[in-house]
file input20.pdb (PDB, C-alpha atoms)
ATOM      1  CA  MET A   1       3.221   4.484  62.834
ATOM      2  CA  PRO A   2       0.758   5.188  60.022
ATOM      3  CA  HIS A   3       1.016   2.315  57.673
ATOM      4  CA  ASP A   4      -2.340   1.588  56.153
ATOM      5  CA  HIS A   5      -1.436   2.126  52.518
ATOM      6  CA  HIS A   6       1.001  -0.750  52.178
ATOM      7  CA  ASP A   7       0.257  -4.395  51.722
ATOM      8  CA  HIS A   8       3.425  -5.552  53.440
ATOM      9  CA  ASP A   9       4.624  -5.393  57.013
ATOM     10  CA  GLY A  10       7.036  -2.491  56.670
ATOM     11  CA  LEU A  11       9.914  -4.543  55.399
ATOM     12  CA  SER A  12      11.390  -4.386  51.941
ATOM     13  CA  PRO A  13      11.509  -7.491  49.732
ATOM     14  CA  SER A  14      14.945  -8.263  51.155
ATOM     15  CA  GLY A  15      13.660  -8.021  54.710
ATOM     16  CA  HIS A  16      15.205  -4.704  55.729
ATOM     17  CA  PRO A  17      13.155  -1.843  57.114
ATOM     18  CA  TYR A  18      12.592   1.011  54.735
ATOM     19  CA  ARG A  19      14.012   4.311  55.759
ATOM     20  CA  ALA A  20      11.468   6.096  57.910
ATOM     21  CA  ASP A  21      10.974   8.945  55.464
ATOM     22  CA  GLN A  22       9.620   6.621  52.785
ATOM     23  CA  ASP A  23       6.273   6.312  54.517
ATOM     24  CA  THR A  24       5.889   9.663  56.161
ATOM     25  CA  GLY A  25       4.932  12.997  54.624
ATOM     26  CA  LEU A  26       6.479  14.264  51.423
ATOM     27  CA  SER A  27       9.799  15.847  52.372
ATOM     28  CA  TYR A  28      11.216  18.929  50.695
ATOM     29  CA  TRP A  29      14.042  16.873  49.185
ATOM     30  CA  GLN A  30      11.665  14.238  47.839
ATOM     31  CA  ALA A  31       9.658  17.026  46.211
ATOM     32  CA  MET A  32      12.913  18.329  44.737
ATOM     33  CA  GLU A  33      13.719  14.897  43.288
ATOM     34  CA  ILE A  34      10.328  14.754  41.568
ATOM     35  CA  ALA A  35      10.685  18.315  40.280
ATOM     36  CA  VAL A  36      14.263  17.837  39.040
ATOM     37  CA  ARG A  37      13.410  14.535  37.345
ATOM     38  CA  GLU A  38      10.357  15.966  35.591
ATOM     39  CA  LEU A  39      12.302  19.022  34.411
ATOM     40  CA  MET A  40      15.189  16.850  33.186
ATOM     41  CA  VAL A  41      12.700  14.761  31.207
ATOM     42  CA  GLU A  42      10.941  17.820  29.785
ATOM     43  CA  LYS A  43      14.247  19.385  28.773
ATOM     44  CA  GLY A  44      15.287  16.227  26.965
ATOM     45  CA  ILE A  45      18.191  15.279  29.239
ATOM     46  CA  VAL A  46      16.774  11.869  30.213
ATOM     47  CA  THR A  47      13.627   9.825  29.697
ATOM     48  CA  GLU A  48      11.581   8.156  32.420
ATOM     49  CA  ALA A  49      12.381   4.840  30.722
ATOM     50  CA  GLU A  50      16.114   5.508  31.041
ATOM     51  CA  VAL A  51      15.717   6.313  34.725
ATOM     52  CA  ALA A  52      13.761   3.101  35.289
ATOM     53  CA  ALA A  53      16.320   1.061  33.324
ATOM     54  CA  GLN A  54      19.194   2.580  35.295
ATOM     55  CA  ILE A  55      17.462   1.682  38.567
ATOM     56  CA  ASP A  56      16.892  -1.877  37.323
ATOM     57  CA  ALA A  57      20.547  -2.173  36.330
ATOM     58  CA  MET A  58      21.688  -0.934  39.732
ATOM     59  CA  ASP A  59      19.229  -3.225  41.548
ATOM     60  CA  ALA A  60      20.631  -6.167  39.582
ATOM     61  CA  ARG A  61      24.122  -5.529  40.922
ATOM     62  CA  SER A  62      24.893  -7.248  44.174
ATOM     63  CA  PRO A  63      27.810  -8.707  46.102
ATOM     64  CA  ALA A  64      27.043 -11.986  44.295
ATOM     65  CA  GLN A  65      28.880 -10.585  41.264
ATOM     66  CA  GLY A  66      31.989  -9.811  43.277
ATOM     67  CA  ALA A  67      31.705 -13.220  44.947
ATOM     68  CA  ALA A  68      31.685 -14.929  41.551
ATOM     69  CA  VAL A  69      34.880 -13.088  40.623
ATOM     70  CA  VAL A  70      36.555 -14.068  43.891
ATOM     71  CA  ALA A  71      35.537 -17.714  43.565
ATOM     72  CA  ARG A  72      36.942 -17.808  40.025
ATOM     73  CA  ALA A  73      40.213 -16.383  41.333
ATOM     74  CA  TRP A  74      40.325 -19.111  43.993
ATOM     75  CA  VAL A  75      39.976 -21.959  41.511
ATOM     76  CA  ASP A  76      41.812 -20.539  38.501
ATOM     77  CA  PRO A  77      45.370 -19.304  39.195
ATOM     78  CA  ALA A  78      45.693 -17.758  35.726
ATOM     79  CA  PHE A  79      42.493 -15.775  36.275
ATOM     80  CA  ARG A  80      43.745 -14.730  39.712
ATOM     81  CA  ASP A  81      46.896 -13.342  38.117
ATOM     82  CA  ARG A  82      44.863 -11.436  35.535
ATOM     83  CA  LEU A  83      42.519 -10.110  38.244
ATOM     84  CA  LEU A  84      45.392  -8.789  40.348
ATOM     85  CA  ALA A  85      47.020  -7.279  37.252
ATOM     86  CA  ASP A  86      43.862  -5.558  35.954
ATOM     87  CA  GLY A  87      40.660  -5.877  37.968
ATOM     88  CA  SER A  88      38.516  -4.124  35.385
ATOM     89  CA  ALA A  89      39.575  -6.373  32.506
ATOM     90  CA  ALA A  90      39.259  -9.566  34.539
ATOM     91  CA  SER A  91      35.754  -8.596  35.698
ATOM     92  CA  ALA A  92      34.781  -7.784  32.119
ATOM     93  CA  GLU A  93      35.960 -11.270  31.148
ATOM     94  CA  MET A  94      33.206 -12.617  33.383
ATOM     95  CA  GLY A  95      30.657 -10.292  31.835
ATOM     96  CA  PHE A  96      30.708  -7.685  34.600
ATOM     97  CA  ASP A  97      31.123  -4.174  33.294
ATOM     98  CA  VAL A  98      32.786  -2.117  35.981
ATOM     99  CA  GLY A  99      32.525   1.100  33.986
ATOM    100  CA  PRO A 100      35.215   3.691  33.403
ATOM    101  CA  MET A 101      36.612   3.487  36.940
ATOM    102  CA  ARG A 102      39.814   1.551  37.420
ATOM    103  CA  LEU A 103      39.170  -1.510  39.580
ATOM    104  CA  ILE A 104      42.076  -2.749  41.651
ATOM    105  CA  ALA A 105      41.873  -6.157  43.319
ATOM    106  CA  VAL A 106      43.998  -6.696  46.422
ATOM    107  CA  GLU A 107      44.533 -10.171  47.789
ATOM    108  CA  ASN A 108      44.506 -11.285  51.397
ATOM    109  CA  THR A 109      47.175 -13.810  52.289
ATOM    110  CA  GLU A 110      48.335 -15.587  55.390
ATOM    111  CA  ASP A 111      50.343 -12.505  56.356
ATOM    112  CA  VAL A 112      48.430  -9.594  54.856
ATOM    113  CA  HIS A 113      44.882  -8.364  55.381
ATOM    114  CA  ASN A 114      43.478  -5.608  53.151
ATOM    115  CA  VAL A 115      40.632  -3.248  53.967
ATOM    116  CA  VAL A 116      39.007  -0.600  51.764
ATOM    117  CA  VAL A 117      37.709   2.839  52.703
ATOM    118  CA  CYS A 118      36.912   6.134  50.991
ATOM    119  CA  THR A 119      38.007   8.870  53.375
ATOM    120  CA  LEU A 120      36.917  11.715  51.084
ATOM    121  CA  CYS A 121      33.425  10.549  50.151
ATOM    122  CA  SER A 122      31.843   7.187  49.365
ATOM    123  CA  CYS A 123      33.726   5.676  46.412
ATOM    124  CA  TYR A 124      32.974   1.977  46.230
ATOM    125  CA  PRO A 125      33.106  -0.748  43.542
ATOM    126  CA  ARG A 126      29.356  -0.255  43.034
ATOM    127  CA  ASN A 127      29.294  -1.894  39.612
ATOM    128  CA  LEU A 128      30.550  -5.115  41.148
ATOM    129  CA  LEU A 129      29.038  -5.041  44.661
ATOM    130  CA  GLY A 130      25.978  -2.800  44.337
ATOM    131  CA  LEU A 131      25.503   0.380  46.357
ATOM    132  CA  PRO A 132      27.613   0.836  49.486
ATOM    133  CA  PRO A 133      26.140   0.137  52.932
ATOM    134  CA  ASP A 134      25.345   3.114  55.147
ATOM    135  CA  TRP A 135      28.229   2.519  57.529
ATOM    136  CA  TYR A 136      30.736   2.708  54.652
ATOM    137  CA  LYS A 137      29.629   6.322  54.149
ATOM    138  CA  SER A 138      29.670   7.205  57.849
ATOM    139  CA  ARG A 139      32.041   9.692  59.429
ATOM    140  CA  ALA A 140      33.280   7.055  61.864
ATOM    141  CA  TYR A 141      34.303   4.545  59.184
ATOM    142  CA  ARG A 142      35.810   7.199  56.900
ATOM    143  CA  SER A 143      37.788   8.849  59.680
ATOM    144  CA  ARG A 144      39.003   5.968  61.762
ATOM    145  CA  THR A 145      39.781   3.204  59.271
ATOM    146  CA  VAL A 146      43.036   4.888  58.253
ATOM    147  CA  ARG A 147      43.893   5.790  61.852
ATOM    148  CA  GLU A 148      43.095   2.675  63.867
ATOM    149  CA  PRO A 149      42.109  -0.057  61.406
ATOM    150  CA  ARG A 150      42.466  -2.933  63.857
ATOM    151  CA  LYS A 151      40.117  -1.255  66.288
ATOM    152  CA  VAL A 152      37.577  -0.604  63.509
ATOM    153  CA  LEU A 153      37.835  -4.221  62.330
ATOM    154  CA  ARG A 154      37.261  -5.389  65.888
ATOM    155  CA  GLU A 155      33.953  -3.510  65.863
ATOM    156  CA  PHE A 156      32.992  -5.697  62.896
ATOM    157  CA  GLY A 157      33.957  -8.756  64.914
ATOM    158  CA  LEU A 158      37.235  -9.303  63.112
ATOM    159  CA  GLU A 159      40.223  -9.784  65.407
ATOM    160  CA  LEU A 160      43.476 -10.077  63.455
ATOM    161  CA  PRO A 161      46.682 -11.564  64.839
ATOM    162  CA  GLU A 162      49.309  -8.961  65.741
ATOM    163  CA  ALA A 163      51.651 -10.510  63.184
ATOM    164  CA  THR A 164      49.219  -9.832  60.339
ATOM    165  CA  THR A 165      50.016  -6.776  58.262
ATOM    166  CA  VAL A 166      46.932  -4.597  57.764
ATOM    167  CA  ARG A 167      46.858  -2.594  54.538
ATOM    168  CA  VAL A 168      44.262   0.149  54.212
ATOM    169  CA  HIS A 169      43.344   1.283  50.700
ATOM    170  CA  ASP A 170      41.771   4.717  50.245
ATOM    171  CA  SER A 171      39.525   4.789  47.182
ATOM    172  CA  THR A 172      39.120   7.757  44.876
ATOM    173  CA  ALA A 173      36.547   8.826  42.334
ATOM    174  CA  ASP A 174      38.644   7.219  39.595
ATOM    175  CA  MET A 175      40.002   4.172  41.406
ATOM    176  CA  ARG A 176      38.056   1.519  43.293
ATOM    177  CA  TYR A 177      39.338  -1.383  45.323
ATOM    178  CA  ILE A 178      37.963  -4.845  45.962
ATOM    179  CA  VAL A 179      39.488  -7.298  48.407
ATOM    180  CA  VAL A 180      40.022 -10.895  47.368
ATOM    181  CA  PRO A 181      39.585 -12.630  50.718
ATOM    182  CA  ALA A 182      41.692 -15.656  51.579
ATOM    183  CA  ARG A 183      40.156 -18.981  50.605
ATOM    184  CA  PRO A 184      38.922 -20.684  53.785
ATOM    185  CA  ALA A 185      40.446 -23.942  54.934
ATOM    186  CA  GLY A 186      38.487 -27.088  54.244
ATOM    187  CA  THR A 187      37.131 -25.932  50.896
ATOM    188  CA  GLU A 188      39.258 -28.209  48.727
ATOM    189  CA  GLY A 189      37.110 -29.886  46.131
ATOM    190  CA  MET A 190      34.252 -27.382  46.383
ATOM    191  CA  ASP A 191      33.035 -26.049  43.046
ATOM    192  CA  GLU A 192      33.007 -22.407  42.054
ATOM    193  CA  ALA A 193      29.339 -21.808  42.843
ATOM    194  CA  ALA A 194      29.650 -23.323  46.311
ATOM    195  CA  LEU A 195      32.779 -21.285  46.960
ATOM    196  CA  ALA A 196      31.084 -18.064  45.829
ATOM    197  CA  ALA A 197      28.429 -18.592  48.507
ATOM    198  CA  LEU A 198      31.159 -18.238  51.128
ATOM    199  CA  VAL A 199      32.231 -14.815  49.873
ATOM    200  CA  THR A 200      30.401 -12.067  51.752
ATOM    201  CA  ARG A 201      30.135  -8.390  50.901
ATOM    202  CA  ASP A 202      32.054  -7.511  54.044
ATOM    203  CA  SER A 203      34.874  -9.888  53.112
ATOM    204  CA  MET A 204      35.292  -8.010  49.809
ATOM    205  CA  ILE A 205      35.443  -4.662  51.635
ATOM    206  CA  GLY A 206      37.869  -6.232  54.066
ATOM    207  CA  VAL A 207      35.880  -5.756  57.279
ATOM    208  CA  GLY A 208      35.243  -9.492  57.356
ATOM    209  CA  VAL A 209      36.634 -12.755  56.025
ATOM    210  CA  ALA A 210      35.067 -15.429  53.862
ATOM    211  CA  LYS A 211      32.698 -17.791  55.651
ATOM    212  CA  ALA A 212      33.847 -21.225  56.726
ATOM    213  CA  PRO A 213      32.246 -24.066  54.749
TER     214      PRO A 213
ATOM    215  CA  MET B   1      34.380  28.956  59.822
ATOM    216  CA  ILE B   2      38.112  29.675  60.147
ATOM    217  CA  PRO B   3      40.036  27.805  57.438
ATOM    218  CA  ASP B   4      42.256  24.977  58.593
ATOM    219  CA  PRO B   5      45.872  26.235  58.378
ATOM    220  CA  THR B   6      46.877  23.012  56.611
ATOM    221  CA  GLY B   7      44.321  23.668  53.857
ATOM    222  CA  LYS B   8      42.422  20.520  54.803
ATOM    223  CA  ARG B   9      38.686  20.827  54.253
ATOM    224  CA  TRP B  10      35.910  19.273  56.325
ATOM    225  CA  HIS B  11      35.267  16.363  53.975
ATOM    226  CA  ASP B  12      38.917  15.245  54.153
ATOM    227  CA  MET B  13      38.195  13.349  57.359
ATOM    228  CA  GLY B  14      40.627  10.448  57.092
ATOM    229  CA  GLY B  15      42.574  10.172  60.335
ATOM    230  CA  ASP B  16      40.145  12.158  62.464
ATOM    231  CA  LEU B  17      38.846  10.822  65.755
ATOM    232  CA  ALA B  18      35.255   9.612  65.801
ATOM    233  CA  GLY B  19      32.906   7.310  67.653
ATOM    234  CA  PRO B  20      32.036   3.690  66.880
ATOM    235  CA  VAL B  21      31.093   2.719  63.327
ATOM    236  CA  PRO B  22      27.290   2.653  63.146
ATOM    237  CA  GLY B  23      25.933  -0.801  62.404
ATOM    238  CA  ASP B  24      22.723   0.322  60.755
ATOM    239  CA  ASP B  25      21.929  -0.226  57.117
ATOM    240  CA  HIS B  26      18.826   0.354  55.052
ATOM    241  CA  ASP B  27      17.364  -0.505  51.715
ATOM    242  CA  PHE B  28      17.101   2.460  49.443
ATOM    243  CA  ALA B  29      13.745   4.116  48.889
ATOM    244  CA  LEU B  30      12.500   4.680  45.350
ATOM    245  CA  TRP B  31      13.209   8.402  45.483
ATOM    246  CA  GLU B  32      16.788   7.689  46.554
ATOM    247  CA  LYS B  33      17.272   5.218  43.703
ATOM    248  CA  ARG B  34      15.914   7.824  41.308
ATOM    249  CA  VAL B  35      18.387  10.419  42.550
ATOM    250  CA  ASP B  36      21.199   7.907  42.090
ATOM    251  CA  ALA B  37      19.976   7.048  38.581
ATOM    252  CA  LEU B  38      19.672  10.715  37.550
ATOM    253  CA  VAL B  39      23.225  11.430  38.727
ATOM    254  CA  ILE B  40      24.672   8.389  36.941
ATOM    255  CA  LEU B  41      22.730   9.150  33.742
ATOM    256  CA  SER B  42      23.901  12.771  33.850
ATOM    257  CA  GLY B  43      27.460  11.488  33.958
ATOM    258  CA  LEU B  44      26.921   8.999  31.128
ATOM    259  CA  LYS B  45      25.379  11.735  28.980
ATOM    260  CA  GLY B  46      28.138  14.208  29.743
ATOM    261  CA  VAL B  47      25.899  16.778  31.475
ATOM    262  CA  PHE B  48      28.144  16.904  34.519
ATOM    263  CA  THR B  49      30.806  14.725  36.089
ATOM    264  CA  VAL B  50      31.368  13.088  39.450
ATOM    265  CA  ASP B  51      33.711  15.994  40.144
ATOM    266  CA  GLY B  52      30.814  18.395  39.720
ATOM    267  CA  LEU B  53      28.754  16.282  42.075
ATOM    268  CA  ARG B  54      31.483  16.284  44.693
ATOM    269  CA  ARG B  55      32.327  19.969  44.374
ATOM    270  CA  VAL B  56      28.800  20.914  45.399
ATOM    271  CA  LEU B  57      28.652  18.269  48.126
ATOM    272  CA  GLU B  58      31.891  19.549  49.609
ATOM    273  CA  ASP B  59      30.888  23.203  49.309
ATOM    274  CA  MET B  60      27.672  22.462  51.214
ATOM    275  CA  GLY B  61      29.832  22.173  54.291
ATOM    276  CA  GLU B  62      29.932  20.020  57.330
ATOM    277  CA  ASP B  63      26.554  21.079  58.676
ATOM    278  CA  ALA B  64      24.817  19.577  55.638
ATOM    279  CA  PHE B  65      26.775  16.351  56.121
ATOM    280  CA  GLU B  66      25.573  16.107  59.711
ATOM    281  CA  THR B  67      21.960  17.101  59.196
ATOM    282  CA  MET B  68      20.951  15.834  55.739
ATOM    283  CA  THR B  69      20.806  12.235  54.551
ATOM    284  CA  TYR B  70      23.093  10.984  51.799
ATOM    285  CA  TYR B  71      20.614  11.261  48.939
ATOM    286  CA  GLU B  72      19.209  14.543  50.237
ATOM    287  CA  ARG B  73      22.687  15.939  49.691
ATOM    288  CA  TRP B  74      22.937  14.214  46.316
ATOM    289  CA  VAL B  75      19.646  15.653  45.044
ATOM    290  CA  ALA B  76      20.722  19.113  46.201
ATOM    291  CA  SER B  77      23.999  18.707  44.294
ATOM    292  CA  LEU B  78      22.236  17.298  41.227
ATOM    293  CA  ASN B  79      19.925  20.297  41.221
ATOM    294  CA  GLN B  80      22.757  22.788  41.607
ATOM    295  CA  ASN B  81      24.613  21.204  38.695
ATOM    296  CA  MET B  82      21.464  21.308  36.532
ATOM    297  CA  LEU B  83      21.005  25.007  37.332
ATOM    298  CA  GLU B  84      24.654  25.743  36.543
ATOM    299  CA  GLN B  85      24.370  23.882  33.238
ATOM    300  CA  GLY B  86      21.322  25.958  32.365
ATOM    301  CA  VAL B  87      19.069  22.920  31.995
ATOM    302  CA  TYR B  88      16.311  24.828  33.806
ATOM    303  CA  THR B  89      15.994  28.078  35.720
ATOM    304  CA  VAL B  90      15.546  28.757  39.415
ATOM    305  CA  ALA B  91      12.059  30.065  38.610
ATOM    306  CA  GLU B  92      11.126  26.855  36.787
ATOM    307  CA  LEU B  93      12.408  24.804  39.677
ATOM    308  CA  GLY B  94      10.522  26.825  42.282
ATOM    309  CA  ALA B  95       7.265  26.623  40.348
ATOM    310  CA  ARG B  96       7.650  22.871  39.841
ATOM    311  CA  ILE B  97       8.405  22.135  43.484
ATOM    312  CA  GLU B  98       5.276  24.077  44.455
ATOM    313  CA  ALA B  99       3.237  22.128  41.929
ATOM    314  CA  VAL B 100       4.630  18.822  43.199
ATOM    315  CA  GLN B 101       3.840  19.722  46.803
ATOM    316  CA  ALA B 102       0.296  20.657  45.823
ATOM    317  CA  ARG B 103      -0.365  17.162  44.438
ATOM    318  CA  GLY B 104      -0.463  15.335  47.740
ATOM    319  CA  THR B 105       1.114  14.759  51.102
ATOM    320  CA  THR B 106       3.069  11.577  50.415
ATOM    321  CA  TYR B 107       5.818  10.812  47.917
ATOM    322  CA  GLY B 108       3.578   8.312  46.166
ATOM    323  CA  GLU B 109       0.793  10.818  45.628
ATOM    324  CA  ALA B 110       3.141  13.571  44.502
ATOM    325  CA  THR B 111       5.144  11.440  42.083
ATOM    326  CA  ASP B 112       2.300   9.472  40.539
ATOM    327  CA  ALA B 113       0.149  12.541  39.920
ATOM    328  CA  GLY B 114       2.814  13.967  37.663
ATOM    329  CA  ALA B 115       3.138  10.881  35.519
TER     330      ALA B 115
END

call {"tool": "encode", "arguments": {"input": "input20.pdb", "output": "C-alpha cells"}}
result
Amino acid sequence: MPHDHHDHDGLSPSGHPYRADQDTGLSYWQAMEIAVRELMVEKGIVTEAEVAAQIDAMDARSPAQGAAVVARAWVDPAFRDRLLADGSAASAEMGFDVGPMRLIAVENTEDVHNVVVCTLCSCYPRNLLGLPPDWYKSRAYRSRTVREPRKVLREFGLELPEATTVRVHDSTADMRYIVVPARPAGTEGMDEAALAALVTRDSMIGVGVAKAP
Amino acid sequence: MIPDPTGKRWHDMGGDLAGPVPGDDHDFALWEKRVDALVILSGLKGVFTVDGLRRVLEDMGEDAFETMTYYERWVASLNQNMLEQGVYTVAELGARIEAVQARGTTYGEATDAGA
C-alpha cells in the first residue's frame, strides 16, 4: 500500500485505521466536496473558518459527554428525574447543547432494557455522543433491530434474560434517544467521574451495558 | 423498479431480513468531516434542512445505498440541494470539479492547491 507521504503508521490519532480512500487517488466524490466547498465559500454561504470551527466542535463531542450525563443521573435522583422528563434541558444544565432536536432519555432497569435504532436513516444523539459508528448506519442494524432485537444484541455480546423486557426506540430526524444504562453493582461510594468511566458508547445506544468496576 | 404495493420505499428498511451486523468502524477522513460540517452549517444558516438532505438521499435509490459510502451520498445530496437553491450552476460545478481534478492526484494535493 503506497504510504510514503505520511509520518504515521496508517492509524489515526485514536488508533483506528483510516478509511482506505483517504490515502489513495482523488475520488470523484472527494473532488466534488472540494468543488462544492469552494463554491459555497465564494458565494458567501460559509467561510473556511466556519467549516473548520464546525469540524472542531464535532470532533470535541464524544461519548464522554453522554457518560457524564449518565453518571450524574446515577448519583443525583433529582437530576435523573429531570433527565427522564426532558433530556435536552437536563443536558443543557450540564453545559451540553443538544441542538434543536428533542432528546429523550430512556432508563434501563432490572426488568427493562432499551435499545436505540434509526430504521429510516442514521439519526443519532450526535451532539451528546459524537458521530454514529458505521454499524449503526448499516442495513443489518437498521433492518433487524426492530425485528429480532435479542438476536442483534447477542451479536454485540449482550445476552439478556428471557424475563427482561426489550424496548426498541426508533429515532427520527426530530427526536433522538439516549439510553441511561443501569448502574452496575459494586459501585456504591464511587464518585461521578469514576462512574462516568464505566459508561460506554454502546451502553448508551443500548447494545451493551455499563462496565463493571 | 415496481413500487411496493404498501407504499413502503427502499429506505424504510425496519423489519426487513438482513445478515449479521458488521463490526467494522472507522475514523472519519477530513473530506468526510468537511461534508458533515457543510451540511450542518447549511442547516444552521437556513439554506436547506435535514428534510432536504434526506429527500435527495432517498430519491437516489437503493443502488446508491449499496454502492456509495455514507459521505459520498451526503456530498451528492449537499450538491443537489445547492443546485436547487441556486447557489451555483451546473456549469460552475462542472468547471470547478475539472479544475480540482487538474490540481493533483490525491485529496491533499487537490484541496491544498485551492487554498

call {"tool": "closest_residue", "arguments": {"input": "input20.pdb", "among": "B:Glu109, B:Glu32, B:Glu58, B:Asp16", "to": "chain A", "atoms": "all atoms listed in the file"}}
result
B:Asp16

call {"tool": "resolve_selection", "arguments": {"input": "input20.pdb", "expression": "the PyMOL selection byres ((chain A and resi 27) around 12)", "output": "ChimeraX atom specification"}}
result
/A:20-26,28-34 /B:31,68-69,72,97,100-101,104-108,110

call {"tool": "interface_residues", "arguments": {"input": "input20.pdb", "of": "chain B", "to": "chain A", "cutoff": "7 Å", "atoms": "only C-alpha atoms", "output": "VMD selection string"}}
result
chain B and resid 11 to 27 29 31 33 to 35 37 to 38 72 75 79 87 93 96 to 97 100 to 101 105 to 107 111

call {"tool": "residues_near_point", "arguments": {"input": "input20.pdb", "point": "(39.9, -14.0, 54.6)", "cutoff": "10 Å", "atoms": "only C-alpha atoms", "output": "JSON, numbers by chain"}}
result
{"A": [107, 108, 109, 110, 112, 113, 114, 179, 180, 181, 182, 183, 184, 185, 199, 203, 204, 206, 207, 208, 209, 210, 211, 212]}

call {"tool": "axis_aligned_box", "arguments": {"input": "input20.pdb", "around": "segment 98-115 of chain A", "padding_each_side": "4 Å", "output": "JSON"}}
result
{"center_x": 41.4, "center_y": -5.9, "center_z": 44.9, "size_x": 25.8, "size_y": 27.3, "size_z": 31.0}

call {"tool": "resolve_selection", "arguments": {"input": "input20.pdb", "expression": "the PyMOL selection byres ((chain A and resi 194-196) around 6)", "output": "list in words"}}
result
Ala67, Ala68, Ala71, Asp191, Glu192, Ala193, Ala197, Leu198 and Val199 of chain A

call {"tool": "atom_distance", "arguments": {"input": "input20.pdb", "atom1": "atom CA of Gln65 of chain A", "atom2": "atom CA of Val116 of chain A"}}
result
17.7 Å

call {"tool": "resolve_selection", "arguments": {"input": "input20.pdb", "expression": "the PyMOL selection byres ((chain B and resi 74) around 8)", "output": "PDB file with C-alpha atoms, keeping the file's coordinate frame"}}
result
ATOM      1  CA  VAL B  35      18.387  10.419  42.550  1.00  0.00           C
ATOM      2  CA  ASP B  36      21.199   7.907  42.090  1.00  0.00           C
ATOM      3  CA  LEU B  53      28.754  16.282  42.075  1.00  0.00           C
ATOM      4  CA  LEU B  57      28.652  18.269  48.126  1.00  0.00           C
ATOM      5  CA  TYR B  70      23.093  10.984  51.799  1.00  0.00           C
ATOM      6  CA  TYR B  71      20.614  11.261  48.939  1.00  0.00           C
ATOM      7  CA  GLU B  72      19.209  14.543  50.237  1.00  0.00           C
ATOM      8  CA  ARG B  73      22.687  15.939  49.691  1.00  0.00           C
ATOM      9  CA  VAL B  75      19.646  15.653  45.044  1.00  0.00           C
ATOM     10  CA  ALA B  76      20.722  19.113  46.201  1.00  0.00           C
ATOM     11  CA  SER B  77      23.999  18.707  44.294  1.00  0.00           C
ATOM     12  CA  LEU B  78      22.236  17.298  41.227  1.00  0.00           C
TER      13      LEU B  78
END

call {"tool": "closest_residue", "arguments": {"input": "input20.pdb", "among": "B:Thr6, B:Val47, B:Leu41, B:Tyr88", "to": "Ala49 of chain A", "atoms": "all atoms listed in the file"}}
result
B:Leu41
